[in-house]
Structure formats: structure tokens, C-alpha cells
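Engineer: Quick one: the structure is below, questions incoming.
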Amino acid sequence: MADQNYRPQRTAAERASRVRFRRAMALLLITLLLPGSAQLVAGNRRVGRIAIWTVIGLAITAGLVFGISLLWHGLIFRLGTTPWLLGLFRIALIAGAISWAALFIDAWRLGRPLELDLKQRRIVVAINGALAFSVAATLIFGAHLVGVHKGMVEAIFAGAEAAEAHNGRFNVLLAGADSDGGKTRWGLRPDSLTVASIDAVTGRTVLIGLPRNMQNFTFDDGSPMDKEFPRGFDCDGCYLNGVSTWAGEHKELYKGEKDPGMAATVDAVEGITDLQISYYAIVDLNGFQEIVDAIGGVTLKVRQPIPVGIPSDSFYTHIQPGTRKLDGWETLWYARARHDSDDYSRMARQKCVLNAILQQTSPADVVRHYQDVAKATGSTITTSVPPSEIERFSALALKAKSQKISTLSLVPPLVNTADPDMSDIHAEVRKAVKKATPKMEEALKQQSASPSTGDDGETKAPAPKNKTKASGDSDKGGPVAGGSLGSRNKGYQANETDDLASAC
């Protein structure tokens, strides 16, 4: 009776084949873990040494960058917003993809595939192809993302010179406008104008809203528009949102200016607010919804049905009341709707949208949807902020996120938009800015504190003055008109508050 535990002994040829198979697999594995090691062990040692020292050098560099960034957070922003460095990194990733794939192919050759039996050869070929394709595709995709990021930086940050803080603050004009098909920037008619006055140390921000229908305002002293309209912008049918178009049709007033319409708008805003504008940012509202979609939407408190479109539109509907997460299309209409509303209620809602985006967008959200975010912002936003200032404003944004945002809107009943008193407006702006400017000792304390502390030294916003409950109002804070707390006659809370979040 045959021994049931008997196993036939492998022949010497089979044992040798298995050894060769294991050796071939080992060469592929060590190439995955440390590129160049297969060549150092069994091939061209010079090539292996170059590959290994390159990997070690990159690992040391990455470790140093990571260690330094823990102490100096701005390093990542600096490296990530320098176009020539991004271009160099992109080329390095592509070269790395090609080189690593070539090392895998050479490791396969060093495994002597022709000495393997057919089954083993097929396994080695399949694994080698999968590994080579995987690492190359990963690096190539990384190079693609770097290219997308580089394009976004170059498309958005068009400024060349950095501006100094004025009286300790950076004043950034945010203009939301409809595009004219991409033909000209001066053809844009701003649908909303807001100055973000940002404390250069603490990041404490005041949003100053300017109504699109303001008339008879004066321009910055000595500016081309001031010389053209010394008594104010008093031409027939001339409003603040028409300054850009007017200047675009009279470009001779701004010779040498790449964007005469925006230059004239800045002169108008400086004349109205008596603030020196450091930079501007133009957001094409037709692409704004893409940005919101890219970050995954925003959550807003909808107090009344907000119309989407106008009754004559085929898509006319309403955003229903409640705390809702809105997509880009809905957020755009929440911010722009005027049907059954007014300009000033809309301005209040726009500030709530800005607050929601600032508070709800995290770096993780941006990284997770980075390709979509970069594509949307690159075609939607243009700013005069130079790349060298991204580091500064990113740090200020992190500080601002943990603090209350104040608002001041130059609208009725505070301001007569048809015949504004410029002295009164300047005084109101100074008062709002001063209130949001911490004392020196508070500024030093906040500068040394973590951005996540959220201690801005400010008192809580006062309770709403009007306690009357309006029809259809689901809030206890007072009447609601056009979806915003307050009324046209008595003012909307989000348009003038020390704590924008509480008014939204």
C-alpha cells in the first residue's frame, strides 16, 4: 500500500525555477519600496546609486519642509504660490514617473524572464506592468494637479506689486459682476460691491457694503473721475454700478491702465468710503455657482421662500424656509434674488453668503475637491493681489475665520443713496473700522495666539431692536423682509452688525 503522505520530490530544475521566480518578484518589490535598489543589487550599480540618492535627497527635503512648516505655516503657501517653483515641481513629477517606470522595466529584465516557465513569466509581466503603470499614473496625475494649480495661480493673481497696510488695515474691494462674454473687463457691471477692511495683525474684518444704485457720490480726490465729475457722479442715469462701463467708454482718462473700468470703480469706492483700497477681486457671478458646487455647497438659514428666477422664467420656483444646504445654483439665487424683495435685503443676504463660505469652508474641503475648486476659481476670479501676498492673506483668513465679522452697509435709512452726505458716510466708516480695530495690547495678544482661539476681545452684538413678530416670521429676532432680518425702513440686521453670524 502506497504511503498516503508521500510527496514527489521536486526536480532540481523546478527548484531552480522557483528560486528564479522569487528573485524576480523580489526585484520588483524592492523597486517599489526603494527605486534603484534592484539595480544596486543585480544591475548597473551607478544607476542604482543615482536613483537611491535621489530618493533619499527628496525624502530629506520633504522632511525639512514639513518640519519648518510646523513652525512657519506660511512656507507651504509660499511654495504653493510661486509659479516657477510649481513649474519645476511639475517637471520633476513627470521625470519621476518616467524614471520609476523605467526602473521597473529594468528590474523585470534583471529578473531574467526568459528563464521562467510560461506561467511564472505571465505573473511577473502582469505584476510588473501593474506596478509600473500605478506609480507612473499616480505621479502623472500629481503633475496634472500641480499644472492645474499653477494655471489657477497665474490666472487669478495678476498683481505685480505688494501694497502696504493703510492705517494698519488692508482694504480689499470685492466686486461681483456679470461677465460680458469674456471680451472686456471694463464691460462688467458690478452687481455687488463690498469692501473687506481687514486688520493687518488680527484679521478682524469689517464688510462695508455699497449699494449699486448710489448716485451723486464724489470720487477720490485728484483721480481722473474726480476731475471729470468735481461735483460728484451727477450725469443722467449714472449709478455706482455704471462707473466701470462709463470709464470703459472713456478709456483716455485712464491711459496705461489695463482695466480702466476697475480703476475708476476703485476711485469711486475710495471717494465714498475714504479708505485706501489695497487690492480688488472681481468675481464673475455666472461662474460663482461653480465655486460653491466645487466646495460641496453651503448651509444657510432660509427665513422666507426665496425666488429662483422671476415668474416669467420656465424654471421659476422657490427655495423653501429652513436651515438648508444649498448648491451653487440655489446659493447664487439666494444672493441675487430681488423679486418680492429689494436691493438692501439682497445685500444683507449676500453678506450671509460670504460669512457662510468663510466659516464652513475648511482646507480639507478644498483639498478633497481641489481640481474642481481650481478650475472654477481660475475662470471666475481675478484679483490684483500678487502671488507673494497669498501667504499673508491666507494667515489672515485663518484668523478671521475664528472671529466675529462686523458689517456696515451704506444704505437707507442710514444713507440717502440718491443724495448721499459724504462727510456723514466717512464718519460712519471710520466709526465701524475703529470699533473693529483692537487696542495695541489686544493686537499683540491675538498675534501670538493660535488662530483657533477665536478671542477677539469684542462684546456680543446687541439684541435686535425691533421685537415685533412679522407675519410669516419663524424667528424670534424680529420682522423678516426679503429673507433678511429687519426691514427696508428700519434697516436689515446683516447690513449693520458687530456679529454677522448672529444676524444670519
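As shown in the C-alpha cells, the chain order sets the letters A, B, ...; within each chain, residues go from 1, and ligands are also counted from 1 in the order they appear.
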Might you pull out every residue within 12 Å of segment 128-145 of chain A, with only C-alpha atoms counted and same-chain residues fewer than 4 positions away left off, and present them as JSON, numbers by chain?

Structural biologist: {"A": [24, 25, 26, 27, 28, 29, 30, 31, 32, 33, 35, 80, 86, 87, 88, 89, 90, 91, 92, 93, 94, 95, 96, 97, 98, 99, 100, 101, 102, 103, 104, 105, 106, 107, 108, 109, 111, 113, 121, 122, 123, 124, 149, 150, 151, 152, 367, 369, 370, 371, 372, 373, 374, 375]}

Engineer: Can you tell me, as a ChimeraX atom specification, which residues in segment 172-294 of chain A count as strand (DSSP E) by DSSP?

Structural biologist: /A:172-178,189-199,205-210,279-284

Engineer: Residues of segment 341-431 of chain A that approach segment 205-218 of chain A to 9 Å or less, counting only C-alpha atoms: could you list each one with the shortest pair of atoms and its distance in Å to one decimal, rows by chain and increasing residue number, as a tab-separated table?

Structural biologist:
residue	atom	partner	partner_atom	distance
A:Asp343	CA	A:Pro211	CA	7.5
A:Tyr344	CA	A:Pro211	CA	7.5
A:Met347	CA	A:Gly209	CA	7.3
A:Ala348	CA	A:Gly209	CA	8.9
A:Lys351	CA	A:Leu207	CA	7.8
A:Ala400	CA	A:Thr205	CA	6.6
A:Gln403	CA	A:Thr205	CA	8.3
A:Lys404	CA	A:Thr205	CA	7.8
A:Ile405	CA	A:Thr205	CA	5.4
A:Ser406	CA	A:Val206	CA	4.6
A:Thr407	CA	A:Leu207	CA	4.6
A:Leu408	CA	A:Ile208	CA	4.8
A:Ser409	CA	A:Gly209	CA	4.3
A:Leu410	CA	A:Leu210	CA	5.6
A:Val411	CA	A:Pro211	CA	6.5
A:Asn416	CA	A:Met214	CA	8.3
A:Thr417	CA	A:Met214	CA	4.6
A:Ala418	CA	A:Gln215	CA	5.1
A:Asp419	CA	A:Asn216	CA	6.0
A:Pro420	CA	A:Phe217	CA	6.6
A:Asp421	CA	A:Phe217	CA	8.3
A:Met422	CA	A:Phe217	CA	7.1
A:Val429	CA	A:Ile208	CA	7.8

Engineer: I need the residues in segment 139-347 of chain A that are helix (DSSP H, G or I) according to DSSP; give them as an MDAnalysis selection string.

Structural biologist: chainID A and resid 139:156 224:228 240:248 251:254 260:273 285:294 328:336 343:347

Engineer: Name the residues in contact with segment 280-295 of chain A at a cut-off of 9 Å, using only C-alpha atoms, excluding same-chain residues fewer than 4 positions from it; report them as a count of residues only.

Structural biologist: 44

Engineer: So which residues touch Tyr492 of chain A within 7 Å, counting only C-alpha atoms, skipping near sequence neighbours fewer than 6 positions away, as a VMD selection string?

Structural biologist: chain A and resid 345 348 484 to 486

Engineer: Could the residues in this selection be saved with N, CA, C and O atoms as an mmCIF file, in the first residue's frame?

Structural biologist:
data_model
loop_
_atom_site.group_PDB
_atom_site.id
_atom_site.type_symbol
_atom_site.label_atom_id
_atom_site.label_comp_id
_atom_site.auth_asym_id
_atom_site.auth_seq_id
_atom_site.Cartn_x
_atom_site.Cartn_y
_atom_site.Cartn_z
ATOM 1 N N SER A 345 -32.177 94.251 1.146
ATOM 2 C CA SER A 345 -32.341 92.912 1.708
ATOM 3 C C SER A 345 -31.394 91.945 0.995
ATOM 4 O O SER A 345 -30.790 91.060 1.609
ATOM 5 N N ALA A 348 -27.978 92.217 2.353
ATOM 6 C CA ALA A 348 -27.861 91.508 3.634
ATOM 7 C C ALA A 348 -27.657 90.014 3.395
ATOM 8 O O ALA A 348 -26.826 89.371 4.045
ATOM 9 N N SER A 484 -34.424 88.487 4.914
ATOM 10 C CA SER A 484 -33.419 89.017 5.842
ATOM 11 C C SER A 484 -34.093 89.602 7.074
ATOM 12 O O SER A 484 -35.185 90.199 6.973
ATOM 13 N N LEU A 485 -33.466 89.442 8.225
ATOM 14 C CA LEU A 485 -33.985 90.044 9.447
ATOM 15 C C LEU A 485 -33.959 91.561 9.328
ATOM 16 O O LEU A 485 -32.933 92.155 9.010
ATOM 17 N N GLY A 486 -35.103 92.193 9.592
ATOM 18 C CA GLY A 486 -35.194 93.645 9.518
ATOM 19 C C GLY A 486 -36.173 94.089 8.450
ATOM 20 O O GLY A 486 -36.972 93.313 7.925
#

Engineer: Just want the 12 Å neighbourhood of Thr54 of chain A, counted on only C-alpha atoms, with same-chain residues fewer than 3 positions away dropped. Output as an MDAnalysis selection string.

Structural biologist: chainID A and resid 34:37 47:51 57:61 92 96 99:100

Engineer: Show me, as a ChimeraX atom specification, the residues that have an atom within 12 Å of Lys251 of chain A when counting only C-alpha atoms, minus same-chain residues fewer than 3 positions from it.

Structural biologist: /A:186-187,224-225,243-248,254-264

Engineer: Point out the residue among A:Ala38, A:Val308, A:Cys504, A:Leu85 with the least atom-to-atom distance to Gly147 of chain A, counting only C-alpha atoms.

Structural biologist: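 Counting only C-alpha atoms, the residue closest to Gly147 of chain A is A:Leu85.
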
Engineer: Find the residue from A:Gly271, A:Asp499, A:Lys490, A:Lys399 that sits nearest to Pro230 of chain A; use only C-alpha atoms when measuring.

Structural biologist: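 Of A:Gly271, A:Asp499, A:Lys490, A:Lys399, the one nearest Pro230 of chain A, counting only C-alpha atoms, is A:Gly271.
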
Engineer: For a quick check of understanding, using only C-alpha atoms, which of A:Arg303, A:His73, A:His339, A:Arg112 has the smallest distance to Ala395 of chain A?

Structural biologist: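 For Ala395 of chain A, the nearest of the given residues is A:His73.
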